[in-house]
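Undergrad: run-v1.pdb is reproduced below (PDB, C-alpha atoms).
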```pdb
ATOM      1  CA  MET J  30      -7.672  57.463  40.885
ATOM      2  CA  THR J  31      -9.332  59.006  37.838
ATOM      3  CA  THR J  32      -5.977  59.518  36.130
ATOM      4  CA  ARG J  33      -4.994  55.890  36.508
ATOM      5  CA  ARG J  34      -8.289  54.714  35.084
ATOM      6  CA  GLY J  35      -7.886  57.011  32.113
ATOM      7  CA  SER J  36      -4.391  55.740  31.417
ATOM      8  CA  PHE J  37      -5.670  52.133  31.481
ATOM      9  CA  LEU J  38      -8.399  52.948  28.992
ATOM     10  CA  LEU J  39      -5.855  54.483  26.614
ATOM     11  CA  ILE J  40      -3.368  51.607  26.874
ATOM     12  CA  PHE J  41      -5.940  48.800  26.435
ATOM     13  CA  PRO J  42      -7.189  49.771  22.925
ATOM     14  CA  LEU J  43      -3.606  50.541  21.896
ATOM     15  CA  SER J  44      -2.579  46.960  22.790
ATOM     16  CA  LEU J  45      -5.442  45.584  20.694
ATOM     17  CA  ALA J  46      -4.259  47.583  17.713
ATOM     18  CA  LEU J  47      -0.689  46.356  18.018
ATOM     19  CA  CYS J  48      -1.518  42.634  18.458
ATOM     20  CA  PRO J  49      -2.645  40.772  15.275
ATOM     21  CA  SER J  50      -6.053  39.166  15.279
ATOM     22  CA  SER J  51      -5.953  35.510  16.351
ATOM     23  CA  THR J  52      -8.535  34.711  13.710
ATOM     24  CA  HIS J  53      -6.358  36.237  11.003
ATOM     25  CA  ALA J  54      -3.254  34.406  12.245
ATOM     26  CA  ALA J  55      -5.044  31.041  12.184
ATOM     27  CA  GLN J  56      -6.151  31.273   8.568
ATOM     28  CA  SER J  57      -5.446  28.046   6.656
ATOM     29  CA  LEU J  58      -3.533  27.761   3.418
ATOM     30  CA  PRO J  59      -5.545  27.827   0.200
ATOM     31  CA  ALA J  60      -6.737  24.462  -1.078
ATOM     32  CA  GLY J  61      -4.003  22.631  -2.936
ATOM     33  CA  ALA J  62      -1.238  24.940  -1.705
ATOM     34  CA  GLY J  63       0.389  22.080   0.155
ATOM     35  CA  GLN J  64       1.282  20.365  -3.125
ATOM     36  CA  ASN J  65       3.590  23.267  -4.017
ATOM     37  CA  LEU J  66       5.484  23.369  -0.727
ATOM     38  CA  PRO J  67       9.186  22.396  -0.752
ATOM     39  CA  ALA J  68       9.909  18.723  -0.115
ATOM     40  CA  ALA J  69      10.477  17.851   3.529
ATOM     41  CA  ALA J  70      13.788  16.454   4.709
ATOM     42  CA  GLY J  71      14.147  12.797   3.719
ATOM     43  CA  GLU J  72      11.221  12.959   1.311
ATOM     44  CA  ILE J  73      11.541  11.129  -2.015
ATOM     45  CA  ASN J  74      10.016  12.495  -5.226
ATOM     46  CA  LEU J  75      10.039  10.478  -8.437
ATOM     47  CA  LYS J  76       8.818  11.123 -11.964
ATOM     48  CA  ALA J  77       8.078   8.506 -14.608
ATOM     49  CA  ALA J  78       5.901   7.646 -17.597
ATOM     50  CA  SER J  79       3.572   4.687 -18.025
ATOM     51  CA  ALA J  80       4.607   1.799 -20.263
ATOM     52  CA  ASN J  81       3.146  -1.471 -21.550
ATOM     53  CA  VAL J  82      -0.396  -0.342 -20.743
ATOM     54  CA  LYS J  83      -3.221   0.908 -22.937
ATOM     55  CA  ASP J  84      -2.335   4.594 -22.477
ATOM     56  CA  SER J  85       1.461   4.365 -22.489
ATOM     57  CA  GLY J  86       3.420   7.576 -21.987
ATOM     58  CA  THR J  87       1.137   8.994 -19.284
ATOM     59  CA  PRO J  88       3.052  11.108 -16.711
ATOM     60  CA  VAL J  89       3.378   9.610 -13.231
ATOM     61  CA  ARG J  90       4.505  11.323 -10.031
ATOM     62  CA  VAL J  91       5.444   9.548  -6.810
ATOM     63  CA  ARG J  92       5.894  11.285  -3.462
ATOM     64  CA  ILE J  93       7.133   9.216  -0.511
ATOM     65  CA  THR J  94       7.093  11.003   2.837
ATOM     66  CA  ARG J  95       8.716   8.196   4.836
ATOM     67  CA  TRP J  96       9.435   4.461   4.872
ATOM     68  CA  SER J  97       7.417   1.849   6.742
ATOM     69  CA  THR J  98       8.713   0.962  10.192
ATOM     70  CA  ASP J  99       9.373  -2.631  11.238
ATOM     71  CA  GLU J 100       6.146  -2.567  13.275
ATOM     72  CA  GLU J 101       4.202  -1.462  10.199
ATOM     73  CA  ARG J 102       5.868  -4.007   7.905
ATOM     74  CA  ASN J 103       5.393  -7.037  10.160
ATOM     75  CA  PRO J 104       1.614  -7.485   9.691
ATOM     76  CA  ILE J 105       2.013  -7.022   5.933
ATOM     77  CA  ILE J 106       4.590  -9.787   5.719
ATOM     78  CA  ALA J 107       2.696 -12.016   8.160
ATOM     79  CA  ALA J 108      -0.404 -11.841   5.973
ATOM     80  CA  LEU J 109       1.386 -13.763   3.199
ATOM     81  CA  THR J 110       3.010 -16.213   5.618
ATOM     82  CA  PRO J 111       0.056 -17.646   7.558
ATOM     83  CA  ALA J 112       0.755 -19.793  10.587
ATOM     84  CA  PRO J 113       0.317 -23.572  10.159
ATOM     85  CA  PRO J 114      -3.099 -24.925  11.213
ATOM     86  CA  ALA J 115      -3.368 -25.680  14.911
ATOM     87  CA  ALA J 116      -3.333 -29.332  16.027
ATOM     88  CA  ALA J 117      -6.614 -30.940  17.088
ATOM     89  CA  PRO J 118      -7.353 -30.409  20.804
ATOM     90  CA  ALA J 119      -6.268 -33.294  23.050
ATOM     91  CA  ARG J 120      -9.770 -33.492  24.526
ATOM     92  CA  ALA J 121     -11.288 -34.182  21.114
ATOM     93  CA  ALA J 122      -8.670 -36.852  20.435
ATOM     94  CA  ALA J 123      -9.395 -38.494  23.771
ATOM     95  CA  GLY J 124     -13.100 -38.542  22.960
ATOM     96  CA  ALA J 125     -12.386 -40.242  19.642
ATOM     97  CA  GLU J 126     -10.324 -42.933  21.399
ATOM     98  CA  ALA J 127     -13.151 -43.502  23.875
ATOM     99  CA  GLY J 128     -15.589 -43.974  21.054
ATOM    100  CA  ALA J 129     -13.346 -46.602  19.511
ATOM    101  CA  GLY J 130     -13.263 -48.660  22.753
ATOM    102  CA  PRO J 131     -15.012 -51.935  23.552
ATOM    103  CA  ASN J 132     -18.422 -50.316  23.308
ATOM    104  CA  PRO J 133     -18.316 -48.125  20.197
ATOM    105  CA  THR J 134     -22.054 -47.550  20.320
ATOM    106  CA  ALA J 135     -21.881 -46.006  23.748
ATOM    107  CA  GLY J 136     -18.921 -43.908  22.776
ATOM    108  CA  ALA J 137     -20.671 -42.745  19.651
ATOM    109  CA  GLY J 138     -23.710 -41.933  21.683
ATOM    110  CA  ARG J 139     -21.825 -39.723  24.057
ATOM    111  CA  GLY J 140     -19.912 -38.083  21.215
ATOM    112  CA  ALA J 141     -23.066 -37.549  19.206
ATOM    113  CA  ALA J 142     -24.891 -36.135  22.173
ATOM    114  CA  ALA J 143     -22.023 -33.833  22.945
ATOM    115  CA  GLY J 144     -21.920 -32.790  19.318
ATOM    116  CA  ARG J 145     -25.615 -32.014  19.380
ATOM    117  CA  GLY J 146     -25.239 -30.125  22.631
ATOM    118  CA  ARG J 147     -22.124 -28.105  21.807
ATOM    119  CA  GLY J 148     -21.315 -28.403  18.107
ATOM    120  CA  GLY J 149     -24.969 -28.093  17.217
ATOM    121  CA  ALA J 150     -24.928 -24.694  18.752
ATOM    122  CA  GLY J 151     -22.628 -23.752  15.900
ATOM    123  CA  ARG J 152     -25.690 -23.595  13.710
ATOM    124  CA  GLY J 153     -26.850 -20.842  16.020
ATOM    125  CA  GLY J 154     -23.628 -18.919  15.426
ATOM    126  CA  ARG J 155     -21.436 -19.957  18.396
ATOM    127  CA  GLY J 156     -19.873 -23.306  17.568
ATOM    128  CA  ASP J 157     -18.579 -22.844  14.006
ATOM    129  CA  ALA J 158     -15.449 -20.688  13.716
ATOM    130  CA  ALA J 159     -15.283 -18.192  10.874
ATOM    131  CA  ALA J 160     -13.348 -19.415   7.859
ATOM    132  CA  PRO J 161      -9.811 -17.942   7.808
ATOM    133  CA  LEU J 162      -8.956 -15.355   5.183
ATOM    134  CA  SER J 163      -6.886 -16.399   2.210
ATOM    135  CA  PRO J 164      -3.330 -14.978   2.199
ATOM    136  CA  ILE J 165      -4.222 -12.443  -0.501
ATOM    137  CA  ALA J 166      -7.392 -11.362   1.322
ATOM    138  CA  ALA J 167      -5.394 -10.982   4.531
ATOM    139  CA  LEU J 168      -2.736  -8.976   2.683
ATOM    140  CA  THR J 169      -5.385  -6.717   1.159
ATOM    141  CA  ALA J 170      -6.823  -6.011   4.601
ATOM    142  CA  ALA J 171      -3.388  -5.421   6.141
ATOM    143  CA  ILE J 172      -2.413  -2.934   3.430
ATOM    144  CA  GLY J 173      -5.674  -1.055   3.897
ATOM    145  CA  LYS J 174      -4.977  -0.625   7.628
ATOM    146  CA  GLY J 175      -1.536   0.895   7.060
ATOM    147  CA  PRO J 176      -0.770   4.601   7.493
ATOM    148  CA  THR J 177      -0.493   6.882   4.480
ATOM    149  CA  LEU J 178       3.187   7.273   3.590
ATOM    150  CA  GLY J 179       2.848   9.251   0.372
ATOM    151  CA  TYR J 180       0.931   9.396  -2.887
ATOM    152  CA  ILE J 181       1.080   8.325  -6.517
ATOM    153  CA  TRP J 182      -0.495  10.629  -9.082
ATOM    154  CA  THR J 183      -1.413   9.436 -12.580
ATOM    155  CA  ASN J 184      -3.968  10.622 -15.131
ATOM    156  CA  ASP J 185      -6.750   9.449 -12.793
ATOM    157  CA  ILE J 186      -8.938  12.023 -11.071
ATOM    158  CA  THR J 187      -7.610  11.149  -7.618
ATOM    159  CA  GLY J 188      -4.211   9.994  -6.420
ATOM    160  CA  TYR J 189      -3.319   6.684  -4.818
ATOM    161  CA  SER J 190      -2.344   6.539  -1.143
ATOM    162  CA  ILE J 191       0.896   4.692  -0.450
ATOM    163  CA  LYS J 192       0.320   2.352   2.500
ATOM    164  CA  TYR J 193       3.601   0.457   2.432
ATOM    165  CA  ALA J 194       7.059   1.745   1.544
ATOM    166  CA  TYR J 195      10.300  -0.228   1.657
ATOM    167  CA  HIS J 196      13.778   0.918   0.647
ATOM    168  CA  ALA J 197      17.125  -0.859   0.373
ATOM    169  CA  ALA J 198      20.501   0.004  -1.117
ATOM    170  CA  MET J 199      21.711  -2.264  -3.924
ATOM    171  CA  PRO J 200      25.284  -3.638  -4.160
ATOM    172  CA  ASP J 201      25.875  -1.688  -7.393
ATOM    173  CA  GLY J 202      25.037   1.619  -5.740
ATOM    174  CA  GLY J 203      21.427   1.627  -6.900
ATOM    175  CA  GLU J 204      18.208   1.507  -4.910
ATOM    176  CA  ARG J 205      15.291  -0.885  -4.520
ATOM    177  CA  ILE J 206      11.929   0.629  -3.614
ATOM    178  CA  VAL J 207       8.765  -1.375  -2.925
ATOM    179  CA  LEU J 208       5.447   0.461  -2.616
ATOM    180  CA  ALA J 209       1.890  -0.738  -2.031
ATOM    181  CA  THR J 210      -1.367   1.148  -2.517
ATOM    182  CA  ASP J 211      -4.738   0.122  -1.120
ATOM    183  CA  ARG J 212      -6.385   0.427  -4.551
ATOM    184  CA  ARG J 213      -5.721  -1.262  -7.857
ATOM    185  CA  LEU J 214      -3.909   0.997 -10.283
ATOM    186  CA  GLY J 215      -6.407   1.985 -12.966
ATOM    187  CA  ALA J 216      -9.350   0.365 -11.207
ATOM    188  CA  TYR J 217     -11.727   2.935 -12.696
ATOM    189  CA  THR J 218     -10.075   3.604 -16.026
ATOM    190  CA  ALA J 219      -9.013   1.445 -18.956
ATOM    191  CA  GLY J 220      -5.843   3.463 -19.466
ATOM    192  CA  TRP J 221      -3.848   1.254 -17.087
ATOM    193  CA  GLN J 222      -5.031  -2.015 -18.566
ATOM    194  CA  PRO J 223      -1.864  -4.086 -19.147
ATOM    195  CA  ALA J 224      -0.956  -4.509 -22.770
ATOM    196  CA  ALA J 225      -0.693  -8.266 -22.147
ATOM    197  CA  ALA J 226      -4.468  -8.351 -21.739
ATOM    198  CA  ARG J 227      -4.876  -7.477 -25.405
ATOM    199  CA  ARG J 228      -4.172  -9.666 -28.374
ATOM    200  CA  ALA J 229      -0.671 -11.080 -28.195
ATOM    201  CA  ALA J 230      -0.368 -10.459 -31.911
ATOM    202  CA  ASP J 231      -0.422  -6.701 -31.320
ATOM    203  CA  ALA J 232       3.367  -6.315 -31.233
ATOM    204  CA  SER J 233       2.980  -2.515 -31.250
ATOM    205  CA  ALA J 234       1.888  -2.704 -27.596
ATOM    206  CA  ALA J 235       5.518  -2.876 -26.503
ATOM    207  CA  PRO J 236       8.129  -3.084 -29.254
ATOM    208  CA  ALA J 237      10.956  -3.449 -26.732
ATOM    209  CA  LEU J 238       9.441  -6.589 -25.229
ATOM    210  CA  GLY J 239       7.532  -8.110 -28.104
ATOM    211  CA  ALA J 240       4.157  -9.821 -28.141
ATOM    212  CA  GLU J 241       5.490 -13.160 -26.944
ATOM    213  CA  ALA J 242       6.875 -11.733 -23.693
ATOM    214  CA  LEU J 243       3.678  -9.810 -23.085
ATOM    215  CA  ALA J 244       1.550 -12.871 -23.690
ATOM    216  CA  LYS J 245       3.457 -14.708 -20.949
ATOM    217  CA  ALA J 246       2.776 -11.991 -18.382
ATOM    218  CA  ALA J 247       0.597 -13.299 -15.565
ATOM    219  CA  LEU J 248      -2.282 -10.870 -15.111
ATOM    220  CA  THR J 249      -3.744 -10.614 -11.611
ATOM    221  CA  ASP J 250      -6.948  -9.274 -10.102
ATOM    222  CA  TYR J 251      -5.662  -7.887  -6.797
ATOM    223  CA  ASP J 252      -7.623  -5.024  -5.233
ATOM    224  CA  PHE J 253      -4.312  -3.422  -4.242
ATOM    225  CA  THR J 254      -1.189  -2.619  -6.271
ATOM    226  CA  LEU J 255       2.393  -3.503  -5.418
ATOM    227  CA  ILE J 256       5.024  -1.495  -7.285
ATOM    228  CA  GLU J 257       8.712  -2.373  -7.261
ATOM    229  CA  ILE J 258      11.139   0.256  -8.533
ATOM    230  CA  ARG J 259      14.818  -0.326  -9.284
ATOM    231  CA  LEU J 260      17.090   2.702  -9.694
ATOM    232  CA  ASP J 261      20.732   2.731 -10.747
ATOM    233  CA  SER J 262      23.481   4.718  -9.023
ATOM    234  CA  LYS J 263      22.399   7.825 -10.976
ATOM    235  CA  GLY J 264      18.823   7.631  -9.731
ATOM    236  CA  VAL J 265      17.346   6.427 -13.030
ATOM    237  CA  GLY J 266      15.447   3.191 -13.584
ATOM    238  CA  GLU J 267      12.099   1.496 -14.086
ATOM    239  CA  GLY J 268       9.145   0.204 -12.098
ATOM    240  CA  LYS J 269       7.052  -2.960 -12.328
ATOM    241  CA  ALA J 270       3.733  -3.809 -10.705
ATOM    242  CA  SER J 271       1.481  -6.589  -9.487
ATOM    243  CA  LEU J 272      -0.829  -5.888 -12.433
ATOM    244  CA  MET J 273       1.244  -8.427 -14.359
ATOM    245  CA  THR J 274       2.713 -10.790 -11.774
ATOM    246  CA  LYS J 275       2.076 -12.289  -8.359
ATOM    247  CA  VAL J 276       3.066 -10.914  -4.988
ATOM    248  CA  ILE J 277       5.410 -12.936  -2.784
ATOM    249  CA  VAL J 278       7.461 -12.516   0.381
ATOM    250  CA  ASP J 279      11.184 -11.835   0.012
ATOM    251  CA  ASN J 280      12.301 -13.515   3.237
ATOM    252  CA  GLU J 281      15.904 -12.387   2.903
ATOM    253  CA  ALA J 282      14.957  -8.710   2.577
ATOM    254  CA  ARG J 283      11.937  -9.042   4.885
ATOM    255  CA  THR J 284       9.519  -7.379   2.510
ATOM    256  CA  ILE J 285       6.743  -8.210   0.110
ATOM    257  CA  ALA J 286       7.903  -8.165  -3.493
ATOM    258  CA  LEU J 287       7.075  -9.125  -7.070
ATOM    259  CA  ASP J 288       7.459 -12.685  -8.243
ATOM    260  CA  ASN J 289       9.976 -13.095 -11.071
ATOM    261  CA  TYR J 290      10.834  -9.407 -11.261
ATOM    262  CA  ALA J 291      13.305  -9.810 -14.121
ATOM    263  CA  ALA J 292      10.741 -11.317 -16.502
ATOM    264  CA  THR J 293       7.895  -8.928 -15.641
ATOM    265  CA  PRO J 294       7.216  -6.073 -18.106
ATOM    266  CA  ALA J 295       7.769  -2.578 -16.700
ATOM    267  CA  ILE J 296       4.798  -0.238 -16.311
ATOM    268  CA  PHE J 297       6.913   2.755 -15.215
ATOM    269  CA  GLN J 298       9.690   3.796 -17.587
ATOM    270  CA  ASN J 299      12.294   6.567 -17.283
ATOM    271  CA  VAL J 300      11.871   6.720 -13.525
ATOM    272  CA  LYS J 301      13.940   9.622 -12.163
ATOM    273  CA  ARG J 302      14.443  11.396  -8.876
TER     274      ARG J 302
END
```
Taking this structure as input, can you express it in the form of structure tokens?

TA:
Amino acid sequence: MTTRRGSFLLIFPLSLALCPSSTHAAQSLPAGAGQNLPAAAGEINLKAASANVKDSGTPVRVRITRWSTDEERNPIIAALTPAPPAAAPARAAAGAEAGAGPNPTAGAGRGAAAGRGRGGAGRGGRGDAAAPLSPIAALTAAIGKGPTLGYIWTNDITGYSIKYAYHAAMPDGGERIVLATDRRLGAYTAGWQPAAARRAADASAAPALGAEALAKAALTDYDFTLIEIRLDSKGVGEGKASLMTKVIVDNEARTIALDNYAATPAIFQNVKR
């Protein structure tokens, strides 16, 4: 009996020495190490430089981990395509007809009394329905609720979370990519101020486009940023943003997109995979 106990005591510490510490095995990677890991399968990495903004030539990096699913895209698209207003309830219409009968005074009395009894309660917070959000406000909220699908890094201190990501192949072999962030690009720095916001006479802002084209750019004040990137068959192209044009719904492609893409100045140049 003593021999067995002694053997157990010798084997137990030996097993501890051979097995690695669970605390040591669970140590996390150093801060920032994840940014240097190899790209995951299906991940898209793009590089570009800013253009037609105050600090043109600033490096830009885009990392897309995955594309939005149909379930994630639907509320985004629905936000810009609000349902038509509901018809007036039949009960209210019937009450109006009753008030217009042979005795309008009596009808008005009942309607007024009902209004004071039910509609009046709206002043207490129950009767009056909240005003519906505007399409842009609804879109802003929908984008903010989306999952994080990647990041955009600029010269800002922090990156921008990608909340919407759409991809489609083009007939010429190129690619169309639509991204949305929940913050306005350059919200806290003047470096991303569109060149069109400056004097149109400053032709040096974008020699390729000229002052006249920049002056026609429609500046927006969205709290989010929509970026549309077009790449050719070699993976090279440009990107444009909602800083200079409105956001619309492309019903054929079933995605949000930029209005009048062709005439909008690019803010990302030399975009490459």

Undergrad: Between atom CA of J:Gly266 and atom CA of J:Ile172, what distance in Å does the model show, to one decimal?

TA: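 Computing the Euclidean distance for atom CA of J:Gly266 and atom CA of J:Ile172 yields 25.4 Å.
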
Undergrad: The PyMOL selection byres ((chain J and resi 73) around 10) on the file shown: which residues, as a ChimeraX atom specification?

TA: /J:68-72,74-75,91-96,179,302

Undergrad: I need the chosen residues saved as an mmCIF file, keeping the file's coordinate frame, with C-alpha atoms.

TA:
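Written file, part22.cif:
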```cif
data_model
loop_
_atom_site.group_PDB
_atom_site.id
_atom_site.type_symbol
_atom_site.label_atom_id
_atom_site.label_comp_id
_atom_site.auth_asym_id
_atom_site.auth_seq_id
_atom_site.Cartn_x
_atom_site.Cartn_y
_atom_site.Cartn_z
ATOM 1 C CA ALA J 68 9.909 18.723 -0.115
ATOM 2 C CA ALA J 69 10.477 17.851 3.529
ATOM 3 C CA ALA J 70 13.788 16.454 4.709
ATOM 4 C CA GLY J 71 14.147 12.797 3.719
ATOM 5 C CA GLU J 72 11.221 12.959 1.311
ATOM 6 C CA ASN J 74 10.016 12.495 -5.226
ATOM 7 C CA LEU J 75 10.039 10.478 -8.437
ATOM 8 C CA VAL J 91 5.444 9.548 -6.810
ATOM 9 C CA ARG J 92 5.894 11.285 -3.462
ATOM 10 C CA ILE J 93 7.133 9.216 -0.511
ATOM 11 C CA THR J 94 7.093 11.003 2.837
ATOM 12 C CA ARG J 95 8.716 8.196 4.836
ATOM 13 C CA TRP J 96 9.435 4.461 4.872
ATOM 14 C CA GLY J 179 2.848 9.251 0.372
ATOM 15 C CA ARG J 302 14.443 11.396 -8.876
#
```

Undergrad: So which one's closest to J:Ile277, J:Ile165, J:Val265, J:Ile191, J:Val82? Using all atoms listed in the file, please.

TA: J:Ile165

Undergrad: I'd like the interatomic distance between atom CA of J:Pro104 and atom CA of J:Gly268, to a tenth of an Å.

TA: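 Between atom CA of J:Pro104 and atom CA of J:Gly268 the gap works out to 24.3 Å.
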
Undergrad: For the atom pair atom CA of J:Asp211 and atom CA of J:Pro223, what is the interatomic distance in Å to one decimal place?

TA: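 That distance, rounded to one decimal, is 18.7 Å.
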
Undergrad: Quick one: everything within 7 Å of J:Lys275, counting all atoms listed in the file, minus sequence neighbours fewer than 6 positions away in the same chain. Send it as a list in words.

TA: Thr249, Leu287 and Asp288 of chain J

Undergrad: Check what the PyMOL selection byres ((chain J and resi 290) around 10) selects in the file above and give those residues as a PDB file with C-alpha atoms, keeping the file's coordinate frame.

TA:
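Written out: expr-v1.pdb:
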```pdb
ATOM      1  CA  GLU J 257       8.712  -2.373  -7.261  1.00  0.00           C
ATOM      2  CA  GLY J 268       9.145   0.204 -12.098  1.00  0.00           C
ATOM      3  CA  LYS J 269       7.052  -2.960 -12.328  1.00  0.00           C
ATOM      4  CA  ALA J 270       3.733  -3.809 -10.705  1.00  0.00           C
ATOM      5  CA  SER J 271       1.481  -6.589  -9.487  1.00  0.00           C
ATOM      6  CA  THR J 274       2.713 -10.790 -11.774  1.00  0.00           C
ATOM      7  CA  LYS J 275       2.076 -12.289  -8.359  1.00  0.00           C
ATOM      8  CA  ALA J 286       7.903  -8.165  -3.493  1.00  0.00           C
ATOM      9  CA  LEU J 287       7.075  -9.125  -7.070  1.00  0.00           C
ATOM     10  CA  ASP J 288       7.459 -12.685  -8.243  1.00  0.00           C
ATOM     11  CA  ASN J 289       9.976 -13.095 -11.071  1.00  0.00           C
ATOM     12  CA  ALA J 291      13.305  -9.810 -14.121  1.00  0.00           C
ATOM     13  CA  ALA J 292      10.741 -11.317 -16.502  1.00  0.00           C
ATOM     14  CA  THR J 293       7.895  -8.928 -15.641  1.00  0.00           C
ATOM     15  CA  PRO J 294       7.216  -6.073 -18.106  1.00  0.00           C
ATOM     16  CA  ALA J 295       7.769  -2.578 -16.700  1.00  0.00           C
TER      17      ALA J 295
END
```

Undergrad: Which residue is closest to J:Thr218? Choose from J:Ile206, J:Ile186, J:Tyr195, J:Ser163 and count only C-alpha atoms.

TA: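 Closest to J:Thr218 of all the choices is J:Ile186.
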
Undergrad: Please define a box with edges along x, y and z of the file around all atoms of stretch 181-198 of chain J given in the file, extend it by 3 Å on each side, and return its centre and edge lengths in Å to one decimal, as AutoDock Vina command-line options.

TA:
```
--center_x 5.8 --center_y 5.6 --center_z -6.3 --size_x 35.4 --size_y 18.9 --size_z 23.6
```

Undergrad: For J:Val207, which residue out of J:Ala107, J:Leu248, J:Ala194, J:Ile181 is the nearest one, using only C-alpha atoms?

TA: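 The answer is J:Ala194, which sits nearest to J:Val207.
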
Undergrad: Kindly indicate which residue among J:Glu267, J:Asp84, J:Asp250, J:Glu101 lies nearest to J:Pro176, using all atoms listed in the file for the distances.

TA: J:Glu101

Undergrad: Please rebuild stretch 165-171 of chain J with all heavy atoms and return the result as a PDB file, keeping the file's coordinate frame.

TA:
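The new file out-v1.pdb reads:
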```
ATOM      1  N   ILE J 165      -4.052 -13.689   0.256  1.00  0.00           N
ATOM      2  CA  ILE J 165      -4.222 -12.443  -0.501  1.00  0.00           C
ATOM      3  C   ILE J 165      -5.276 -11.562   0.144  1.00  0.00           C
ATOM      4  O   ILE J 165      -5.124 -10.327   0.221  1.00  0.00           O
ATOM      5  CB  ILE J 165      -4.582 -12.747  -1.965  1.00  0.00           C
ATOM      6  CG1 ILE J 165      -3.396 -13.390  -2.688  1.00  0.00           C
ATOM      7  CG2 ILE J 165      -4.987 -11.467  -2.696  1.00  0.00           C
ATOM      8  CD1 ILE J 165      -2.135 -12.544  -2.690  1.00  0.00           C
ATOM      9  N   ALA J 166      -6.360 -12.155   0.635  1.00  0.00           N
ATOM     10  CA  ALA J 166      -7.392 -11.362   1.322  1.00  0.00           C
ATOM     11  C   ALA J 166      -6.826 -10.745   2.591  1.00  0.00           C
ATOM     12  O   ALA J 166      -7.112  -9.588   2.916  1.00  0.00           O
ATOM     13  CB  ALA J 166      -8.600 -12.233   1.628  1.00  0.00           C
ATOM     14  N   ALA J 167      -6.013 -11.508   3.319  1.00  0.00           N
ATOM     15  CA  ALA J 167      -5.394 -10.982   4.531  1.00  0.00           C
ATOM     16  C   ALA J 167      -4.410  -9.861   4.197  1.00  0.00           C
ATOM     17  O   ALA J 167      -4.329  -8.855   4.910  1.00  0.00           O
ATOM     18  CB  ALA J 167      -4.683 -12.109   5.277  1.00  0.00           C
ATOM     19  N   LEU J 168      -3.673 -10.020   3.101  1.00  0.00           N
ATOM     20  CA  LEU J 168      -2.736  -8.976   2.683  1.00  0.00           C
ATOM     21  C   LEU J 168      -3.479  -7.711   2.283  1.00  0.00           C
ATOM     22  O   LEU J 168      -3.067  -6.599   2.631  1.00  0.00           O
ATOM     23  CB  LEU J 168      -1.880  -9.484   1.531  1.00  0.00           C
ATOM     24  CG  LEU J 168      -0.883  -8.480   0.931  1.00  0.00           C
ATOM     25  CD1 LEU J 168       0.113  -8.027   1.983  1.00  0.00           C
ATOM     26  CD2 LEU J 168      -0.162  -9.088  -0.266  1.00  0.00           C
ATOM     27  N   THR J 169      -4.579  -7.867   1.562  1.00  0.00           N
ATOM     28  CA  THR J 169      -5.385  -6.717   1.159  1.00  0.00           C
ATOM     29  C   THR J 169      -5.872  -5.933   2.367  1.00  0.00           C
ATOM     30  O   THR J 169      -5.800  -4.697   2.412  1.00  0.00           O
ATOM     31  CB  THR J 169      -6.588  -7.172   0.318  1.00  0.00           C
ATOM     32  OG1 THR J 169      -6.127  -7.921  -0.818  1.00  0.00           O
ATOM     33  CG2 THR J 169      -7.400  -5.987  -0.169  1.00  0.00           C
ATOM     34  N   ALA J 170      -6.342  -6.660   3.384  1.00  0.00           N
ATOM     35  CA  ALA J 170      -6.823  -6.011   4.601  1.00  0.00           C
ATOM     36  C   ALA J 170      -5.684  -5.331   5.351  1.00  0.00           C
ATOM     37  O   ALA J 170      -5.839  -4.216   5.865  1.00  0.00           O
ATOM     38  CB  ALA J 170      -7.512  -7.036   5.498  1.00  0.00           C
ATOM     39  N   ALA J 171      -4.527  -5.991   5.419  1.00  0.00           N
ATOM     40  CA  ALA J 171      -3.388  -5.421   6.141  1.00  0.00           C
ATOM     41  C   ALA J 171      -2.888  -4.150   5.472  1.00  0.00           C
ATOM     42  O   ALA J 171      -2.539  -3.173   6.151  1.00  0.00           O
ATOM     43  CB  ALA J 171      -2.260  -6.453   6.233  1.00  0.00           C
TER      44      ALA J 171
END
```
